[in-house]
$ cat work06.txt   # compact mmCIF, C-alpha atoms
# COMPACT_ATOMS: atom_id res chain seq x y z
CA MET A 1 2.70 -35.70 118.09
CA ARG A 2 0.67 -36.60 121.17
CA ILE A 3 -1.11 -39.95 120.99
CA LEU A 4 -4.00 -40.89 123.25
CA PHE A 5 -4.81 -44.57 122.72
CA ILE A 6 -8.18 -45.36 124.31
CA ARG A 7 -9.84 -48.72 124.68
CA HIS A 8 -13.58 -48.65 123.93
CA ALA A 9 -16.15 -48.73 126.75
CA GLN A 10 -17.65 -51.99 128.03
CA SER A 11 -19.32 -54.08 125.32
CA THR A 12 -21.82 -56.91 125.63
CA ASN A 13 -18.99 -59.35 124.82
CA ASN A 14 -16.92 -57.90 127.68
CA LEU A 15 -19.86 -58.38 130.05
CA LEU A 16 -20.44 -61.93 128.78
CA TRP A 17 -16.82 -62.83 129.53
CA GLU A 18 -16.96 -61.13 132.93
CA GLN A 19 -20.08 -63.06 133.91
CA THR A 20 -19.29 -66.47 132.39
CA GLY A 21 -15.56 -66.64 131.57
CA SER A 22 -16.60 -67.89 128.15
CA SER A 23 -16.99 -66.50 124.64
CA ASP A 24 -19.92 -68.81 123.86
CA GLY A 25 -22.74 -66.65 122.56
CA ARG A 26 -20.50 -63.68 121.70
CA SER A 27 -21.50 -61.15 119.05
CA SER A 28 -19.27 -60.58 116.03
CA ASP A 29 -19.67 -56.80 116.49
CA PRO A 30 -21.16 -56.03 119.90
CA MET A 31 -22.61 -52.76 121.13
CA LEU A 32 -22.03 -51.04 124.47
CA THR A 33 -23.76 -52.09 127.67
CA GLU A 34 -25.57 -49.60 129.91
CA LEU A 35 -22.38 -49.39 131.94
CA GLY A 36 -20.38 -48.89 128.75
CA ILE A 37 -22.51 -45.88 127.82
CA LYS A 38 -21.89 -44.38 131.28
CA GLN A 39 -18.16 -45.02 130.90
CA SER A 40 -18.07 -43.35 127.48
CA LEU A 41 -19.76 -40.22 128.82
CA ALA A 42 -17.41 -40.07 131.82
CA LEU A 43 -14.44 -40.38 129.45
CA CYS A 44 -15.82 -37.60 127.27
CA ASN A 45 -16.18 -35.26 130.23
CA HIS A 46 -12.60 -35.88 131.36
CA LEU A 47 -10.75 -36.17 128.05
CA GLU A 48 -9.40 -32.62 127.82
CA ARG A 49 -7.62 -33.11 131.15
CA TYR A 50 -5.76 -36.07 129.65
CA LEU A 51 -4.82 -34.03 126.59
CA TYR A 52 -3.49 -31.09 128.58
CA PRO A 53 -3.65 -31.40 132.38
CA GLU A 54 -4.93 -28.31 134.17
CA GLY A 55 -2.31 -26.30 136.03
CA ASN A 56 0.63 -27.79 134.14
CA SER A 57 2.15 -24.95 132.14
CA GLN A 58 4.66 -27.31 130.51
CA ILE A 59 1.91 -29.18 128.66
CA GLN A 60 1.09 -27.16 125.57
CA LYS A 61 -2.28 -27.40 123.92
CA PRO A 62 -2.06 -29.27 120.61
CA ASP A 63 -2.31 -27.40 117.32
CA ARG A 64 -5.05 -29.73 116.10
CA ILE A 65 -6.98 -32.68 117.51
CA TYR A 66 -7.77 -35.69 115.33
CA LEU A 67 -10.25 -38.32 116.50
CA TYR A 68 -9.66 -41.72 114.88
CA SER A 69 -11.82 -44.76 115.56
CA SER A 70 -12.04 -48.41 114.77
CA LEU A 71 -15.12 -49.16 112.67
CA MET A 72 -16.38 -51.66 115.21
CA TRP A 73 -19.67 -50.56 116.74
CA ARG A 74 -18.43 -50.37 120.33
CA SER A 75 -15.58 -48.06 119.36
CA LEU A 76 -17.79 -45.76 117.32
CA GLN A 77 -20.26 -45.57 120.22
CA THR A 78 -17.35 -44.59 122.49
CA ALA A 79 -16.10 -41.98 120.02
CA GLN A 80 -19.49 -40.36 119.34
CA PRO A 81 -19.89 -38.27 122.54
CA ILE A 82 -16.28 -37.06 122.24
CA ALA A 83 -16.90 -35.95 118.65
CA GLU A 84 -20.08 -34.13 119.65
CA LYS A 85 -18.61 -32.37 122.68
CA MET A 86 -15.36 -31.32 120.97
CA ASP A 87 -16.97 -30.68 117.55
CA LEU A 88 -14.75 -33.21 115.77
CA LYS A 89 -15.21 -35.60 112.90
CA ILE A 90 -14.90 -39.31 113.71
CA LEU A 91 -12.20 -40.43 111.30
CA GLY A 92 -12.95 -44.09 110.69
CA LEU A 93 -9.74 -46.06 110.21
CA ARG A 94 -10.25 -49.71 109.27
CA ASP A 95 -6.86 -50.79 110.60
CA LEU A 96 -7.81 -49.91 114.19
CA HIS A 97 -10.11 -52.94 114.49
CA GLU A 98 -9.70 -55.61 117.16
CA VAL A 99 -7.33 -58.51 116.62
CA GLY A 100 -9.06 -61.20 114.59
CA GLY A 101 -11.44 -58.80 112.86
CA VAL A 102 -15.17 -59.37 112.57
CA TYR A 103 -15.74 -63.09 113.06
CA LEU A 104 -17.70 -65.90 114.66
CA LYS A 105 -16.76 -69.49 115.40
CA ASP A 106 -18.19 -72.17 113.09
CA PRO A 107 -19.80 -74.70 115.48
CA GLU A 108 -19.10 -77.59 113.09
CA THR A 109 -15.41 -76.94 112.38
CA ASP A 110 -14.57 -74.91 115.54
CA LEU A 111 -12.76 -72.44 113.25
CA ASN A 112 -13.10 -68.67 113.42
CA ILE A 113 -14.75 -67.41 110.24
CA GLY A 114 -14.33 -63.82 109.05
CA LEU A 115 -17.53 -61.88 108.34
CA PRO A 116 -18.29 -58.75 106.26
CA GLY A 117 -19.08 -56.38 109.13
CA LYS A 118 -21.53 -53.49 108.94
CA LYS A 119 -22.09 -51.69 105.64
CA PRO A 120 -20.40 -48.27 105.56
CA ASN A 121 -23.64 -46.46 104.75
CA GLU A 122 -25.32 -48.09 107.78
CA LEU A 123 -22.53 -46.82 110.01
CA GLN A 124 -22.86 -43.27 108.72
CA ILE A 125 -26.61 -43.25 109.35
CA THR A 126 -26.06 -44.03 113.03
CA PHE A 127 -22.85 -42.02 113.39
CA PRO A 128 -23.32 -38.90 111.24
CA ARG A 129 -19.93 -37.43 112.24
CA LEU A 130 -18.18 -40.49 110.79
CA GLN A 131 -15.88 -39.89 107.84
CA PHE A 132 -13.99 -42.78 106.28
CA ILE A 133 -10.23 -42.46 105.76
CA GLU A 134 -10.13 -44.93 102.88
CA GLU A 135 -12.46 -46.52 100.37
CA LEU A 136 -14.33 -49.47 101.87
CA ASP A 137 -16.22 -52.47 100.58
CA GLN A 138 -19.85 -51.33 100.47
CA GLY A 139 -20.98 -54.86 101.29
CA GLY A 140 -19.24 -54.71 104.67
CA TRP A 141 -16.25 -52.71 105.92
CA TYR A 142 -14.27 -55.76 107.12
CA ASN A 143 -15.06 -58.48 104.57
CA ALA A 144 -11.89 -60.54 105.17
CA PRO A 145 -10.84 -63.86 106.72
CA PHE A 146 -10.09 -64.20 110.42
CA GLU A 147 -6.89 -62.28 111.13
CA THR A 148 -3.78 -64.22 112.19
CA ASP A 149 -1.26 -63.15 114.82
CA GLU A 150 1.31 -62.33 112.14
CA GLN A 151 -1.21 -60.22 110.22
CA ALA A 152 -2.10 -58.31 113.40
CA HIS A 153 1.57 -57.43 113.97
CA LEU A 154 1.88 -56.23 110.37
CA ARG A 155 -1.26 -54.15 110.77
CA ALA A 156 0.11 -52.51 113.91
CA LYS A 157 3.28 -51.60 112.00
CA ARG A 158 1.12 -50.20 109.21
CA VAL A 159 -0.87 -48.02 111.62
CA ILE A 160 2.31 -46.65 113.19
CA HIS A 161 3.82 -45.88 109.79
CA TRP A 162 0.57 -44.21 108.72
CA LEU A 163 0.49 -42.04 111.86
CA MET A 164 4.12 -41.00 111.47
CA GLU A 165 3.58 -40.02 107.84
CA ARG A 166 0.57 -37.84 108.66
CA HIS A 167 1.38 -36.47 112.11
CA GLY A 168 5.06 -37.08 112.79
CA GLY A 169 6.96 -33.91 113.63
CA SER A 170 3.73 -32.02 114.37
CA ALA A 171 2.09 -30.71 117.53
CA ASP A 172 -1.09 -32.63 116.67
CA ALA A 173 -3.04 -34.62 119.24
CA VAL A 174 -4.12 -37.99 117.86
CA VAL A 175 -6.96 -39.61 119.81
CA MET A 176 -7.49 -43.24 118.81
CA ILE A 177 -10.48 -45.30 119.98
CA SER A 178 -9.53 -48.93 119.53
CA HIS A 179 -9.28 -52.25 121.38
CA GLY A 180 -7.47 -53.99 124.20
CA ALA A 181 -5.71 -56.75 122.30
CA PHE A 182 -4.72 -54.43 119.46
CA PHE A 183 -3.24 -52.05 122.04
CA ASN A 184 -0.70 -54.75 122.87
CA TYR A 185 0.31 -55.20 119.24
CA PHE A 186 0.47 -51.43 118.75
CA MET A 187 2.66 -50.84 121.81
CA THR A 188 5.06 -53.71 121.19
CA GLU A 189 5.61 -52.54 117.62
CA LEU A 190 5.88 -48.88 118.65
CA LEU A 191 8.52 -49.71 121.27
CA GLY A 192 10.38 -52.23 119.11
CA MET A 193 9.75 -55.17 121.43
CA THR A 194 10.63 -58.40 119.68
CA THR A 195 8.55 -61.57 119.81
CA PRO A 196 8.21 -63.90 121.55
CA TYR A 197 7.82 -61.69 124.63
CA GLN A 198 6.42 -62.43 128.04
CA GLY A 199 3.76 -60.11 129.35
CA TRP A 200 0.61 -58.20 128.49
CA PHE A 201 -0.53 -54.59 128.75
CA VAL A 202 -3.75 -54.70 130.77
CA VAL A 203 -6.17 -51.99 129.65
CA ASN A 204 -9.58 -51.38 131.20
CA ASN A 205 -12.62 -50.21 129.29
CA THR A 206 -12.03 -46.52 128.42
CA GLY A 207 -8.49 -46.81 129.79
CA VAL A 208 -6.34 -43.99 128.36
CA THR A 209 -2.66 -44.27 127.43
CA ARG A 210 -0.63 -41.27 126.35
CA VAL A 211 2.52 -41.49 124.23
CA ASP A 212 4.41 -38.40 123.04
CA VAL A 213 6.54 -38.78 119.93
CA ASP A 214 9.18 -36.35 118.69
CA SER A 215 12.42 -36.47 116.72
CA GLU A 216 14.33 -37.70 119.76
CA GLY A 217 12.14 -40.59 120.79
CA LYS A 218 8.89 -41.97 122.17
CA TYR A 219 7.81 -41.09 125.70
CA ILE A 220 5.23 -43.12 127.62
CA ILE A 221 3.55 -40.48 129.78
CA PHE A 222 0.93 -42.76 131.35
CA VAL A 223 -0.80 -46.09 130.68
CA ASN A 224 -4.41 -47.14 131.34
CA ARG A 225 -5.60 -44.02 133.17
CA ILE A 226 -9.15 -44.61 134.40
CA ASP A 227 -9.50 -41.91 137.05
CA HIS A 228 -12.49 -40.55 135.13
CA LEU A 229 -14.44 -43.61 136.35
CA PRO A 230 -15.96 -44.22 139.78
CA VAL A 231 -14.56 -47.44 141.23
CA GLU A 232 -17.85 -49.28 140.70
CA TRP A 233 -17.76 -48.46 136.97
CA VAL A 234 -14.33 -49.99 136.32
CA SER A 235 -14.46 -53.03 134.04
$ encode --input "work06.txt" --output "structure tokens"
Amino acid sequence: MRILFIRHAQSTNNLLWEQTGSSDGRSSDPMLTELGIKQSLALCNHLERYLYPEGNSQIQKPDRIYLYSSLMWRSLQTAQPIAEKMDLKILGLRDLHEVGGVYLKDPETDLNIGLPGKKPNELQITFPRLQFIEELDQGGWYNAPFETDEQAHLRAKRVIHWLMERHGGSADAVVMISHGAFFNYFMTELLGMTTPYQGWFVVNNTGVTRVDVDSEGKYIIFVNRIDHLPVEWVS
């Protein structure tokens, strides 16, 4: 199994933080910025070279390519051009969402409050290639409290187990469009790193990480590749 874990393109929340250093005024489910749309198209045009680099005869083409995405708007926007260019379904996997889930801070209590998220039928109207992996709450795909750190670790373990059950031992390529913080939980669980640990995997918008998994182990081929982006588009 060949895994490409890709962080979504720049969102309005990313831009807000970049400009102000604050989350005040953030959206619970932001969309891509103009730069983010450019990044997503650049990623799409370069993706096949990450899957199987040109001129490297040792890198076999995968038997099948599966495109999984978080159901957050920014991830689906990032996945859409890939799905169109490569004629793939966007396989919406709830567990790929960002750490914390869909939430906003209550100004009175200063607590993060979980929100329902977009309705599944609304998502499919905008993203017609989207196909849901599991049954979702029709009132909102997230519809849960704010996610704790412990719950995020358990979710990362669940995603890894799910991938191994469906693609382990295969020559499938699994492309996952997800989020920067969740990438850290995913990688630490995948590599068996115990908490508390010191450090953080820094991933840029549309940064690509490739991990190959076979019966003998897990191989980190590269982390946070962004050479599909001009320098001025890196965020």
$ residues_near_point --input "work06.txt" --point "(4.0, -50.2, 120.5)" --cutoff "10 Å" --atoms "only C-alpha atoms" --output "JSON, numbers by chain"
{"A": [156, 157, 160, 182, 183, 184, 185, 186, 187, 188, 189, 190, 191, 192, 193, 211, 218]}
$ atom_distance --input "work06.txt" --atom1 "atom CA of Trp141 of chain A" --atom2 "atom CA of Pro120 of chain A"
6.1 Å
$ closest_atom_pairs --input "work06.txt" --of "segment 115-219 of chain A" --to "segment 10-16 of chain A" --cutoff "9 Å" --atoms "all atoms listed in the file" --output "tab-separated table"
residue	atom	partner	partner_atom	distance
A:Asn204	CA	A:Gln10	CA	8.7
A:Asn205	CA	A:Gln10	CA	5.5
A:Thr206	CA	A:Gln10	CA	7.9
$ closest_residue --input "work06.txt" --among "A:Asp227, A:Glu147, A:Glu48, A:Asp63" --to "Gly100 of chain A" --atoms "only C-alpha atoms"
A:Glu147
$ closest_residue --input "work06.txt" --among "A:Met86, A:Val174, A:Gly117, A:Tyr52" --to "Ser27 of chain A" --atoms "only C-alpha atoms"
A:Gly117
$ axis_aligned_box --input "work06.txt" --around "segment 232-235 of chain A" --padding-each-side "6 Å" --output "JSON"
{"center_x": -16.1, "center_y": -50.7, "center_z": 137.4, "size_x": 15.5, "size_y": 16.6, "size_z": 18.7}
$ closest_residue --input "work06.txt" --among "A:His167, A:Lys61, A:Ala173, A:Ser235" --to "Gln19 of chain A" --atoms "all atoms listed in the file"
A:Ser235
$ atom_distance --input "work06.txt" --atom1 "atom CA of Asp137 of chain A" --atom2 "atom CA of Pro116 of chain A"
8.7 Å
$ residues_around --input "work06.txt" --residues "Glu216 of chain A" --least-positions-apart "5" --cutoff "12 Å" --atoms "only C-alpha atoms" --output "ChimeraX atom specification"
/A:1,168-169
$ atom_distance --input "work06.txt" --atom1 "atom CA of Lys38 of chain A" --atom2 "atom CA of Arg94 of chain A"
25.5 Å
$ residues_near_point --input "work06.txt" --point "(-9.4, -35.1, 130.6)" --cutoff "12 Å" --atoms "only C-alpha atoms" --output "PDB file with C-alpha atoms, in the coordinates of the input"
ATOM      1  CA  LEU A   4      -4.000 -40.890 123.250  1.00  0.00           C
ATOM      2  CA  LEU A  41     -19.760 -40.220 128.820  1.00  0.00           C
ATOM      3  CA  ALA A  42     -17.410 -40.070 131.820  1.00  0.00           C
ATOM      4  CA  LEU A  43     -14.440 -40.380 129.450  1.00  0.00           C
ATOM      5  CA  CYS A  44     -15.820 -37.600 127.270  1.00  0.00           C
ATOM      6  CA  ASN A  45     -16.180 -35.260 130.230  1.00  0.00           C
ATOM      7  CA  HIS A  46     -12.600 -35.880 131.360  1.00  0.00           C
ATOM      8  CA  LEU A  47     -10.750 -36.170 128.050  1.00  0.00           C
ATOM      9  CA  GLU A  48      -9.400 -32.620 127.820  1.00  0.00           C
ATOM     10  CA  ARG A  49      -7.620 -33.110 131.150  1.00  0.00           C
ATOM     11  CA  TYR A  50      -5.760 -36.070 129.650  1.00  0.00           C
ATOM     12  CA  LEU A  51      -4.820 -34.030 126.590  1.00  0.00           C
ATOM     13  CA  TYR A  52      -3.490 -31.090 128.580  1.00  0.00           C
ATOM     14  CA  PRO A  53      -3.650 -31.400 132.380  1.00  0.00           C
ATOM     15  CA  GLU A  54      -4.930 -28.310 134.170  1.00  0.00           C
ATOM     16  CA  ILE A  82     -16.280 -37.060 122.240  1.00  0.00           C
ATOM     17  CA  MET A  86     -15.360 -31.320 120.970  1.00  0.00           C
ATOM     18  CA  VAL A 175      -6.960 -39.610 119.810  1.00  0.00           C
ATOM     19  CA  THR A 206     -12.030 -46.520 128.420  1.00  0.00           C
ATOM     20  CA  GLY A 207      -8.490 -46.810 129.790  1.00  0.00           C
ATOM     21  CA  VAL A 208      -6.340 -43.990 128.360  1.00  0.00           C
ATOM     22  CA  THR A 209      -2.660 -44.270 127.430  1.00  0.00           C
ATOM     23  CA  ARG A 210      -0.630 -41.270 126.350  1.00  0.00           C
ATOM     24  CA  ARG A 225      -5.600 -44.020 133.170  1.00  0.00           C
ATOM     25  CA  ILE A 226      -9.150 -44.610 134.400  1.00  0.00           C
ATOM     26  CA  ASP A 227      -9.500 -41.910 137.050  1.00  0.00           C
ATOM     27  CA  HIS A 228     -12.490 -40.550 135.130  1.00  0.00           C
ATOM     28  CA  LEU A 229     -14.440 -43.610 136.350  1.00  0.00           C
TER      29      LEU A 229
END
$ residues_around --input "work06.txt" --residues "Gly114 of chain A" --least-positions-apart "5" --cutoff "10 Å" --atoms "all atoms listed in the file" --output "compact mmCIF listing (two decimals) with C-alpha atoms, keeping the file's coordinate frame"
# COMPACT_ATOMS: atom_id res chain seq x y z
CA SER A 28 -19.27 -60.58 116.03
CA GLY A 100 -9.06 -61.20 114.59
CA GLY A 101 -11.44 -58.80 112.86
CA VAL A 102 -15.17 -59.37 112.57
CA TYR A 103 -15.74 -63.09 113.06
CA LEU A 104 -17.70 -65.90 114.66
CA LYS A 105 -16.76 -69.49 115.40
CA TYR A 142 -14.27 -55.76 107.12
CA ASN A 143 -15.06 -58.48 104.57
CA ALA A 144 -11.89 -60.54 105.17
CA PRO A 145 -10.84 -63.86 106.72
CA PHE A 146 -10.09 -64.20 110.42
CA GLU A 147 -6.89 -62.28 111.13
$ closest_residue --input "work06.txt" --among "A:Ser40, A:Ser23, A:Thr195, A:Ser170" --to "Ile65 of chain A" --atoms "all atoms listed in the file"
A:Ser170
$ closest_residue --input "work06.txt" --among "A:Leu93, A:Val213, A:Leu67, A:Ile177" --to "Arg155 of chain A" --atoms "only C-alpha atoms"
A:Leu93
$ closest_residue --input "work06.txt" --among "A:Met72, A:Gln124, A:Arg129, A:Asp110" --to "Asp87 of chain A" --atoms "all atoms listed in the file"
A:Arg129
$ residues_around --input "work06.txt" --residues "Val203 of chain A" --least-positions-apart "4" --cutoff "8 Å" --atoms "all atoms listed in the file" --output "short mmCIF file (atom, residue, chain, number, x, y, z; two decimals) with C-alpha atoms, in the frame of the given file"
data_model
loop_
_atom_site.label_atom_id
_atom_site.label_comp_id
_atom_site.auth_asym_id
_atom_site.auth_seq_id
_atom_site.Cartn_x
_atom_site.Cartn_y
_atom_site.Cartn_z
CA ARG A 7 -9.84 -48.72 124.68
CA GLY A 180 -7.47 -53.99 124.20
CA GLY A 207 -8.49 -46.81 129.79
CA ASN A 224 -4.41 -47.14 131.34
#
